[in-house]
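Coordinates as given in start.txt (compact mmCIF, C-alpha atoms and all ligand atoms):
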# COMPACT_ATOMS: atom_id res chain seq x y z
CA MET A 1 -128.95 -24.35 -53.29
CA VAL A 2 -129.60 -24.70 -49.57
CA GLU A 3 -133.10 -23.44 -48.80
CA ILE A 4 -133.66 -21.88 -45.40
CA ALA A 5 -137.02 -20.99 -43.91
CA VAL A 6 -136.91 -17.98 -41.61
CA ILE A 7 -139.56 -17.56 -38.94
CA GLY A 8 -138.81 -14.37 -37.01
CA GLY A 9 -141.83 -14.81 -34.75
CA ASP A 10 -142.48 -12.30 -32.00
CA GLY A 11 -140.80 -9.47 -30.10
CA ILE A 12 -137.06 -9.36 -30.71
CA GLY A 13 -137.35 -12.57 -32.78
CA PRO A 14 -137.41 -10.85 -36.21
CA GLU A 15 -134.57 -8.51 -35.15
CA VAL A 16 -132.27 -11.41 -34.28
CA THR A 17 -133.20 -13.62 -37.27
CA ARG A 18 -132.41 -10.65 -39.53
CA ALA A 19 -128.95 -10.63 -37.94
CA GLY A 20 -128.64 -14.40 -38.42
CA VAL A 21 -129.54 -14.10 -42.11
CA ARG A 22 -127.04 -11.28 -42.69
CA VAL A 23 -124.30 -13.36 -41.11
CA LEU A 24 -125.25 -16.48 -43.11
CA GLU A 25 -125.16 -14.44 -46.32
CA ALA A 26 -121.70 -13.14 -45.42
CA ALA A 27 -120.48 -16.67 -44.65
CA ALA A 28 -121.78 -17.86 -48.02
CA GLN A 29 -119.95 -15.05 -49.82
CA GLY A 30 -116.69 -16.46 -48.58
CA ASP A 31 -117.46 -20.01 -49.71
CA SER A 32 -118.29 -20.73 -53.35
CA SER A 33 -119.66 -24.20 -52.52
CA LEU A 34 -122.30 -22.64 -50.26
CA GLN A 35 -125.38 -21.12 -51.87
CA LEU A 36 -128.20 -20.08 -49.63
CA GLY A 37 -131.78 -19.14 -50.39
CA PHE A 38 -134.07 -17.64 -47.75
CA THR A 39 -137.87 -17.52 -47.43
CA GLU A 40 -139.46 -15.58 -44.61
CA PHE A 41 -142.69 -16.67 -42.99
CA PRO A 42 -144.62 -14.01 -41.07
CA TRP A 43 -146.01 -16.37 -38.46
CA GLY A 44 -146.45 -15.69 -34.76
CA CYS A 45 -148.73 -13.84 -32.37
CA GLU A 46 -149.62 -11.01 -34.78
CA TYR A 47 -150.60 -13.61 -37.33
CA TYR A 48 -152.66 -15.31 -34.63
CA LEU A 49 -154.55 -12.15 -33.74
CA GLU A 50 -155.44 -11.72 -37.40
CA HIS A 51 -156.09 -15.34 -38.45
CA GLY A 52 -156.91 -17.19 -35.24
CA ARG A 53 -153.92 -19.49 -35.62
CA MET A 54 -150.18 -19.11 -35.13
CA MET A 55 -149.33 -20.46 -38.58
CA PRO A 56 -151.38 -21.66 -41.57
CA GLU A 57 -152.80 -25.15 -41.71
CA ASP A 58 -150.30 -26.28 -44.34
CA ALA A 59 -147.30 -24.70 -42.58
CA LEU A 60 -145.46 -27.95 -41.98
CA GLU A 61 -145.87 -29.01 -45.62
CA GLU A 62 -144.47 -25.66 -46.65
CA LEU A 63 -141.51 -25.96 -44.26
CA ALA A 64 -140.84 -29.58 -45.19
CA THR A 65 -139.56 -28.48 -48.60
CA ARG A 66 -136.75 -26.47 -46.96
CA ASP A 67 -133.39 -27.74 -45.73
CA ALA A 68 -133.43 -25.97 -42.38
CA ILE A 69 -135.38 -23.45 -40.32
CA LEU A 70 -134.07 -20.37 -38.51
CA LEU A 71 -136.45 -19.25 -35.78
CA GLY A 72 -136.34 -16.10 -33.64
CA ALA A 73 -138.69 -16.32 -30.68
CA VAL A 74 -142.34 -17.06 -29.97
CA GLY A 75 -144.61 -15.35 -27.44
CA TRP A 76 -146.31 -12.02 -26.87
CA PRO A 77 -148.26 -10.74 -23.84
CA THR A 78 -151.60 -10.55 -25.70
CA VAL A 79 -151.62 -14.31 -26.44
CA PRO A 80 -151.33 -16.91 -23.65
CA ASP A 81 -147.94 -18.63 -23.87
CA HIS A 82 -149.35 -22.14 -24.01
CA ILE A 83 -151.44 -21.12 -27.04
CA SER A 84 -148.57 -19.48 -28.91
CA LEU A 85 -146.02 -22.19 -28.16
CA TRP A 86 -148.35 -25.12 -28.83
CA GLY A 87 -149.42 -23.34 -32.02
CA LEU A 88 -145.99 -22.81 -33.53
CA LEU A 89 -142.73 -24.01 -32.01
CA LEU A 90 -143.84 -27.24 -30.35
CA PRO A 91 -145.80 -28.58 -33.36
CA ILE A 92 -142.69 -28.04 -35.52
CA ARG A 93 -140.41 -29.83 -33.04
CA ARG A 94 -142.85 -32.75 -32.89
CA GLY A 95 -144.14 -32.77 -36.45
CA PHE A 96 -140.59 -32.90 -37.76
CA ASP A 97 -139.48 -35.39 -35.13
CA GLN A 98 -136.72 -33.06 -33.94
CA TYR A 99 -136.08 -35.29 -30.99
CA VAL A 100 -132.64 -33.92 -30.13
CA ASN A 101 -132.36 -30.48 -28.63
CA LEU A 102 -128.65 -29.75 -28.58
CA ARG A 103 -127.59 -26.85 -26.39
CA PRO A 104 -123.90 -26.06 -26.23
CA ALA A 105 -122.67 -23.62 -23.58
CA ARG A 106 -119.14 -22.34 -23.69
CA LEU A 107 -117.55 -19.31 -22.13
CA LEU A 108 -116.68 -17.26 -25.20
CA ARG A 109 -113.68 -14.92 -25.06
CA GLY A 110 -114.74 -11.46 -23.95
CA VAL A 111 -117.78 -12.71 -22.08
CA LYS A 112 -117.84 -12.66 -18.31
CA SER A 113 -119.36 -15.53 -16.37
CA PRO A 114 -121.33 -14.61 -13.24
CA LEU A 115 -119.28 -17.30 -11.48
CA ALA A 116 -116.11 -16.28 -9.67
CA GLU A 117 -114.18 -19.25 -11.04
CA PRO A 118 -115.91 -20.67 -14.11
CA GLY A 119 -112.80 -22.58 -15.27
CA ASP A 120 -112.93 -24.03 -18.78
CA LEU A 121 -116.67 -24.08 -19.02
CA ASP A 122 -117.69 -26.14 -22.06
CA ILE A 123 -120.85 -28.15 -21.58
CA THR A 124 -123.36 -29.51 -24.06
CA VAL A 125 -126.83 -30.36 -22.86
CA VAL A 126 -128.67 -32.98 -24.91
CA ARG A 127 -132.33 -32.49 -24.21
CA GLU A 128 -135.13 -34.85 -25.26
CA ASN A 129 -137.39 -32.71 -27.40
CA THR A 130 -140.55 -34.58 -28.38
CA GLU A 131 -142.05 -36.26 -25.30
CA GLY A 132 -141.54 -36.42 -21.54
CA GLU A 133 -143.13 -33.80 -19.35
CA TYR A 134 -144.16 -31.69 -22.36
CA SER A 135 -147.27 -33.65 -23.21
CA ASP A 136 -150.80 -32.71 -24.11
CA SER A 137 -152.15 -35.84 -22.48
CA GLY A 138 -154.39 -34.95 -19.57
CA GLY A 139 -157.13 -32.53 -18.75
CA ARG A 140 -159.11 -30.59 -16.24
CA VAL A 141 -162.20 -31.90 -14.54
CA TYR A 142 -164.80 -30.03 -12.44
CA ARG A 143 -163.64 -26.76 -13.94
CA GLY A 144 -164.31 -23.69 -11.86
CA THR A 145 -165.45 -25.63 -8.78
CA PRO A 146 -163.58 -26.16 -5.52
CA HIS A 147 -163.10 -29.79 -6.64
CA GLU A 148 -161.29 -28.84 -9.81
CA ILE A 149 -158.57 -31.31 -10.85
CA ALA A 150 -155.71 -30.85 -13.32
CA VAL A 151 -153.86 -33.93 -14.56
CA GLN A 152 -151.00 -33.92 -17.04
CA GLU A 153 -149.21 -37.12 -17.85
CA SER A 154 -145.53 -37.43 -18.68
CA ILE A 155 -144.87 -39.65 -21.65
CA PHE A 156 -141.67 -41.71 -21.64
CA THR A 157 -141.38 -44.28 -24.41
CA ARG A 158 -138.56 -46.80 -24.72
CA ARG A 159 -137.92 -45.59 -28.25
CA GLY A 160 -137.88 -41.95 -27.17
CA VAL A 161 -135.63 -42.43 -24.15
CA GLU A 162 -133.28 -44.82 -25.88
CA ARG A 163 -132.69 -42.67 -28.94
CA ILE A 164 -131.87 -39.53 -26.98
CA ILE A 165 -129.52 -41.41 -24.68
CA ARG A 166 -127.80 -43.03 -27.66
CA TYR A 167 -127.35 -39.64 -29.26
CA ALA A 168 -125.84 -38.30 -26.03
CA PHE A 169 -123.32 -41.15 -25.85
CA GLU A 170 -122.21 -40.41 -29.42
CA GLU A 171 -121.95 -36.72 -28.56
CA ALA A 172 -119.80 -37.55 -25.52
CA LYS A 173 -117.55 -39.76 -27.67
CA SER A 174 -116.96 -36.86 -30.06
CA ARG A 175 -116.00 -34.66 -27.09
CA ARG A 176 -114.22 -35.43 -23.81
CA GLY A 177 -115.99 -38.72 -23.18
CA LEU A 178 -117.92 -37.74 -20.06
CA LEU A 179 -121.67 -38.11 -19.80
CA VAL A 180 -124.07 -37.38 -16.96
CA GLY A 181 -127.72 -38.45 -17.14
CA ALA A 182 -130.13 -36.15 -15.29
CA THR A 183 -132.53 -38.28 -13.29
CA LYS A 184 -134.85 -37.84 -10.33
CA SER A 185 -135.61 -41.47 -9.63
CA ASN A 186 -135.61 -40.85 -5.89
CA GLY A 187 -138.81 -38.80 -6.13
CA ILE A 188 -140.34 -39.60 -9.50
CA SER A 189 -140.73 -43.29 -9.03
CA ILE A 190 -141.98 -44.64 -12.36
CA THR A 191 -140.67 -42.72 -15.35
CA MET A 192 -137.25 -41.88 -13.91
CA PRO A 193 -136.22 -45.43 -12.90
CA PHE A 194 -137.24 -46.34 -16.47
CA PHE A 195 -134.93 -43.60 -17.78
CA ASP A 196 -132.11 -44.83 -15.50
CA GLU A 197 -132.55 -48.43 -16.63
CA ILE A 198 -132.20 -47.50 -20.30
CA PHE A 199 -129.26 -45.21 -19.52
CA ARG A 200 -127.41 -48.10 -17.82
CA GLU A 201 -128.22 -50.49 -20.71
CA VAL A 202 -126.80 -48.10 -23.28
CA ALA A 203 -123.82 -47.33 -21.02
CA GLU A 204 -122.82 -51.00 -21.13
CA GLU A 205 -122.36 -50.69 -24.89
CA HIS A 206 -120.07 -47.68 -24.47
CA PRO A 207 -117.38 -48.59 -21.95
CA GLU A 208 -115.17 -45.83 -23.37
CA VAL A 209 -117.59 -43.17 -22.08
CA GLU A 210 -117.41 -42.32 -18.40
CA ALA A 211 -121.14 -42.30 -17.69
CA SER A 212 -123.05 -41.64 -14.50
CA LEU A 213 -126.52 -40.67 -13.34
CA MET A 214 -127.11 -37.71 -11.06
CA HIS A 215 -130.32 -36.41 -9.55
CA ALA A 216 -131.30 -33.28 -11.42
CA ASP A 217 -131.54 -31.13 -8.30
CA ALA A 218 -128.04 -32.01 -7.12
CA LEU A 219 -126.83 -31.71 -10.70
CA ALA A 220 -128.24 -28.16 -10.89
CA ALA A 221 -126.09 -27.19 -7.91
CA ARG A 222 -123.03 -29.06 -9.21
CA LEU A 223 -123.20 -27.29 -12.57
CA VAL A 224 -122.92 -23.98 -10.76
CA LEU A 225 -120.28 -25.11 -8.26
CA ASN A 226 -117.99 -27.18 -10.52
CA PRO A 227 -118.89 -26.53 -14.16
CA GLU A 228 -115.41 -27.62 -15.33
CA ARG A 229 -116.23 -31.20 -14.34
CA PHE A 230 -118.98 -31.53 -16.94
CA ASP A 231 -118.85 -32.39 -20.62
CA VAL A 232 -122.21 -33.72 -21.87
CA VAL A 233 -125.44 -33.81 -19.87
CA VAL A 234 -128.51 -35.68 -21.12
CA GLY A 235 -131.98 -35.10 -19.75
CA SER A 236 -135.69 -35.34 -20.34
CA ASN A 237 -137.56 -32.49 -22.00
CA LEU A 238 -138.13 -30.52 -18.78
CA PHE A 239 -134.87 -31.30 -17.00
CA GLY A 240 -132.93 -30.61 -20.19
CA ASP A 241 -134.71 -27.28 -20.55
CA LEU A 242 -133.93 -26.17 -17.00
CA LEU A 243 -130.36 -27.44 -16.91
CA SER A 244 -129.50 -25.91 -20.28
CA GLU A 245 -130.68 -22.51 -19.11
CA ILE A 246 -128.42 -22.87 -16.08
CA THR A 247 -125.48 -23.68 -18.34
CA ALA A 248 -126.41 -20.74 -20.59
CA GLY A 249 -126.54 -18.46 -17.56
CA ILE A 250 -123.20 -19.51 -16.09
CA ALA A 251 -121.62 -19.13 -19.54
CA GLY A 252 -122.42 -15.46 -19.32
CA ALA A 253 -125.82 -14.68 -20.77
CA ILE A 254 -129.04 -16.16 -22.03
CA GLY A 255 -128.60 -13.86 -25.04
CA ILE A 256 -125.64 -15.85 -26.37
CA ALA A 257 -126.74 -19.47 -26.11
CA PRO A 258 -128.04 -21.34 -29.16
CA SER A 259 -130.37 -24.28 -29.49
CA ALA A 260 -130.44 -26.83 -32.32
CA ASN A 261 -133.62 -28.85 -32.69
CA LEU A 262 -132.39 -31.79 -34.70
CA ASN A 263 -133.99 -34.52 -36.72
CA PRO A 264 -130.73 -36.47 -36.94
CA GLU A 265 -131.96 -38.77 -39.71
CA GLY A 266 -132.61 -35.77 -41.95
CA THR A 267 -136.10 -36.97 -42.85
CA PHE A 268 -137.33 -33.49 -41.93
CA PRO A 269 -135.65 -30.10 -41.68
CA SER A 270 -134.03 -29.23 -38.35
CA LEU A 271 -134.72 -25.96 -36.58
CA PHE A 272 -132.14 -23.56 -35.13
CA GLU A 273 -132.93 -20.80 -32.67
CA PRO A 274 -131.45 -18.76 -29.85
CA ILE A 275 -132.38 -20.03 -26.38
CA HIS A 276 -133.76 -16.65 -25.31
CA GLY A 277 -137.39 -15.58 -25.62
CA SER A 278 -139.16 -12.71 -27.36
CA ALA A 279 -138.25 -10.09 -24.69
CA PRO A 280 -141.29 -7.78 -25.16
CA ASP A 281 -139.68 -5.16 -22.89
CA ILE A 282 -136.91 -4.37 -25.40
CA ALA A 283 -138.65 -5.35 -28.66
CA GLY A 284 -138.37 -2.89 -31.54
CA GLN A 285 -135.51 -0.93 -29.96
CA GLY A 286 -132.73 -2.48 -32.01
CA SER A 287 -130.86 -3.36 -28.83
CA ALA A 288 -131.36 -7.14 -28.71
CA ASN A 289 -128.30 -9.36 -28.53
CA PRO A 290 -128.07 -11.21 -31.87
CA SER A 291 -125.35 -13.59 -30.59
CA GLY A 292 -127.72 -16.49 -29.83
CA ALA A 293 -129.20 -16.33 -33.34
CA ILE A 294 -125.72 -16.00 -34.88
CA TRP A 295 -124.40 -19.01 -32.96
CA ALA A 296 -127.59 -20.88 -33.99
CA ALA A 297 -126.77 -20.02 -37.62
CA SER A 298 -123.32 -21.51 -37.08
CA LEU A 299 -124.85 -24.74 -35.76
CA MET A 300 -127.15 -24.80 -38.77
CA LEU A 301 -124.28 -24.76 -41.25
CA GLU A 302 -122.49 -27.44 -39.29
CA HIS A 303 -125.61 -29.62 -39.40
CA LEU A 304 -126.08 -28.99 -43.14
CA GLY A 305 -122.58 -30.29 -43.83
CA TYR A 306 -120.62 -27.02 -43.87
CA PRO A 307 -118.66 -27.34 -40.62
CA GLU A 308 -115.90 -25.03 -41.81
CA ALA A 309 -118.31 -22.18 -42.58
CA GLY A 310 -120.07 -22.86 -39.29
CA SER A 311 -116.90 -22.57 -37.28
CA ARG A 312 -115.90 -19.40 -39.14
CA ILE A 313 -119.13 -17.82 -37.93
CA LEU A 314 -118.53 -18.85 -34.33
CA SER A 315 -114.93 -17.59 -34.40
CA ALA A 316 -116.07 -14.28 -35.89
CA LEU A 317 -118.68 -13.93 -33.14
CA GLU A 318 -116.14 -14.75 -30.46
CA ASP A 319 -113.60 -12.29 -31.91
CA ALA A 320 -116.21 -9.53 -32.05
CA LEU A 321 -117.16 -10.12 -28.41
CA ALA A 322 -113.52 -10.34 -27.36
CA SER A 323 -112.80 -6.99 -29.03
CA GLY A 324 -115.43 -5.42 -26.79
CA THR A 325 -118.37 -5.10 -29.16
CA LYS A 326 -121.25 -5.97 -26.87
CA THR A 327 -124.94 -5.32 -26.58
CA ARG A 328 -126.56 -3.82 -23.48
CA ASP A 329 -127.31 -7.16 -21.80
CA LEU A 330 -123.54 -7.78 -21.72
CA GLY A 331 -122.76 -4.36 -20.33
CA GLY A 332 -121.90 -2.78 -23.69
CA ASN A 333 -123.69 -0.25 -25.84
CA ALA A 334 -123.64 -1.80 -29.32
CA THR A 335 -126.94 -2.03 -31.14
CA THR A 336 -128.12 -5.28 -32.73
CA ASP A 337 -126.96 -4.00 -36.13
CA GLU A 338 -123.56 -2.86 -34.87
CA MET A 339 -122.92 -6.21 -33.21
CA THR A 340 -123.96 -8.02 -36.39
CA THR A 341 -121.79 -5.80 -38.56
CA ALA A 342 -118.81 -6.45 -36.27
CA VAL A 343 -119.27 -10.20 -36.82
CA ILE A 344 -119.64 -9.77 -40.59
CA GLU A 345 -116.49 -7.62 -40.84
CA ARG A 346 -114.52 -10.40 -39.20
CA LEU A 347 -116.04 -12.99 -41.52
CA GLN A 348 -114.92 -10.94 -44.50
CA ARG A 349 -111.30 -10.62 -43.36
C1 LIG B 1 -137.07 -23.30 -24.89
C2 LIG B 1 -138.30 -22.60 -24.42
C3 LIG B 1 -139.51 -23.43 -24.78
C4 LIG B 1 -139.35 -24.79 -24.16
C5 LIG B 1 -140.83 -22.82 -24.36
C6 LIG B 1 -140.98 -21.43 -24.86
C7 LIG B 1 -142.00 -23.71 -24.68
O1 LIG B 1 -138.22 -22.38 -23.04
O2 LIG B 1 -136.94 -23.53 -26.09
O3 LIG B 1 -136.24 -23.63 -24.04
O4 LIG B 1 -139.51 -24.93 -22.95
O5 LIG B 1 -139.02 -25.72 -24.88
MN MN B 2 -136.37 -23.01 -22.12

Serialized structure, structure tokens:
Amino acid sequence: MVEIAVIGGDGIGPEVTRAGVRVLEAAAQGDSSLQLGFTEFPWGCEYYLEHGRMMPEDALEELATRDAILLGAVGWPTVPDHISLWGLLLPIRRGFDQYVNLRPARLLRGVKSPLAEPGDLDITVVRENTEGEYSDSGGRVYRGTPHEIAVQESIFTRRGVERIIRYAFEEAKSRRGLLVGATKSNGISITMPFFDEIFREVAEEHPEVEASLMHADALAARLVLNPERFDVVVGSNLFGDLLSEITAGIAGAIGIAPSANLNPEGTFPSLFEPIHGSAPDIAGQGSANPSGAIWAASLMLEHLGYPEAGSRILSALEDALASGTKTRDLGGNATTDEMTTAVIERLQR
């Protein structure tokens, strides 16, 4: 039995994880070797307002007994974002050493890119997920005075940089063999040359991969201008975040893109989520696009060793979109449930 923890979280989060669970259950019905058990955890901003914390003290111990985690979204206007995120999602990514954040973007059939000529857009961003610019090292001094200072240090460790770059080279090898490292060593003069140095070292070991470094600003423009030239992009926590939301955007919609937070060694469970946020403006209306959560569910099965079931889910999603079943964000009028049902019907065929 594969045990999955479900954390709906805030806003549209629970609506889209419900869709993800329905689709996973349907995928399991068509595969006798796949047995799934689900446990829901009611953590998030509501929990915070009641208990003063985003999740219980022993949350990670509880989650550690599961095989994978499906997460919806975190964040609600009544709780500052840095409190909610550093109280739930980020401690899980770090506590479970989910150092790879894998973010595939592909133009699915039936989805329109905002670009006039998107070509064969199929890009995977490999984002470092445990260190870099997302660090709680630093502080504020002389608070509330005109001399107030805020300092936040970026943390780049050789182990952290090397392992994400190695993962990206392997990812490129399993795809079209092209890898671009997102740097900014012209402006950020200490950590980024360090990143570049390690990238070049690892590149030497992989002559079969066509590897190059590109400054993240120029890369941002290139991704929009010539997306067909890219295969795998690797970047630090912040650059990977920004670049992967560009690739999600040019592939049609933030509502479709998934995000796999992987602990590749399998020492801890990995976490799968849509890229999008909690969207308070449309929460509770049943109109959220469940595609990101459904694609995340597909990545989850792939990671758990059920690649066939995972790809059945993605094909069913693509077929449903191609047939014109679309939520409001994609210009359609399907509800979350209707979109989910359309995917499930195709899985059952
Ligand atoms: C994401 C999100 C998070 C991140 C936020 C909510 C902290 O934007 O998963 O991309 O930046 O990692
Ligand atoms: Mn983001």

Would you mind listing what lies within 12 Å of segment 181-193 of chain A as a PyMOL selection string, with only C-alpha atoms counted and same-chain residues fewer than 3 positions away left out? chain A and resi 125-128+131-133+153-158+161+164-166+168-169+172+178+196-200+202-203+210-220+222-223+230-244

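Between Arg66 of chain A and the residues A:Ile123, A:Leu271, A:Ala105, A:Val224, the shortest atom-to-atom distance, using only C-alpha atoms, involves A:Leu271.
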
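Shortest atom-to-atom contact with Gly292 of chain A among A:Gly44, A:Pro269, A:Gly305, A:Gly20: A:Gly20, counting only C-alpha atoms.
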
Using all atoms listed in the file, which protein or nucleic acid residues are at most 12 Å from ligand MN 2 (chain B), as a PyMOL selection string? chain A and resi 73-74+85+89-90+101+103+127+129+134+237-249+254+257-259+273-278

Would you export the selected residues with C-alpha atoms as a short mmCIF file (atom, residue, chain, number, x, y, z; two decimals), keeping the file's coordinate frame, please?
data_model
loop_
_atom_site.label_atom_id
_atom_site.label_comp_id
_atom_site.auth_asym_id
_atom_site.auth_seq_id
_atom_site.Cartn_x
_atom_site.Cartn_y
_atom_site.Cartn_z
CA ALA A 73 -138.69 -16.32 -30.68
CA VAL A 74 -142.34 -17.06 -29.97
CA LEU A 85 -146.02 -22.19 -28.16
CA LEU A 89 -142.73 -24.01 -32.01
CA LEU A 90 -143.84 -27.24 -30.35
CA ASN A 101 -132.36 -30.48 -28.63
CA ARG A 103 -127.59 -26.85 -26.39
CA ARG A 127 -132.33 -32.49 -24.21
CA ASN A 129 -137.39 -32.71 -27.40
CA TYR A 134 -144.16 -31.69 -22.36
CA ASN A 237 -137.56 -32.49 -22.00
CA LEU A 238 -138.13 -30.52 -18.78
CA PHE A 239 -134.87 -31.30 -17.00
CA GLY A 240 -132.93 -30.61 -20.19
CA ASP A 241 -134.71 -27.28 -20.55
CA LEU A 242 -133.93 -26.17 -17.00
CA LEU A 243 -130.36 -27.44 -16.91
CA SER A 244 -129.50 -25.91 -20.28
CA GLU A 245 -130.68 -22.51 -19.11
CA ILE A 246 -128.42 -22.87 -16.08
CA THR A 247 -125.48 -23.68 -18.34
CA ALA A 248 -126.41 -20.74 -20.59
CA GLY A 249 -126.54 -18.46 -17.56
CA ILE A 254 -129.04 -16.16 -22.03
CA ALA A 257 -126.74 -19.47 -26.11
CA PRO A 258 -128.04 -21.34 -29.16
CA SER A 259 -130.37 -24.28 -29.49
CA GLU A 273 -132.93 -20.80 -32.67
CA PRO A 274 -131.45 -18.76 -29.85
CA ILE A 275 -132.38 -20.03 -26.38
CA HIS A 276 -133.76 -16.65 -25.31
CA GLY A 277 -137.39 -15.58 -25.62
CA SER A 278 -139.16 -12.71 -27.36
#

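The shell of residues at most 10 Å from Ser84 of chain A, with all atoms listed in the file counted and near chain neighbours (fewer than 6 positions) removed, consists of Asp10, Gly44, Cys45, Tyr48, Arg53, Met54, Met55, Val74, Gly75, Trp76, Thr78 and Leu90 of chain A.
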
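Computed from the coordinates, the atom CA of Leu347 of chain A to atom CA of Asn289 of chain A distance equals 18.2 Å.
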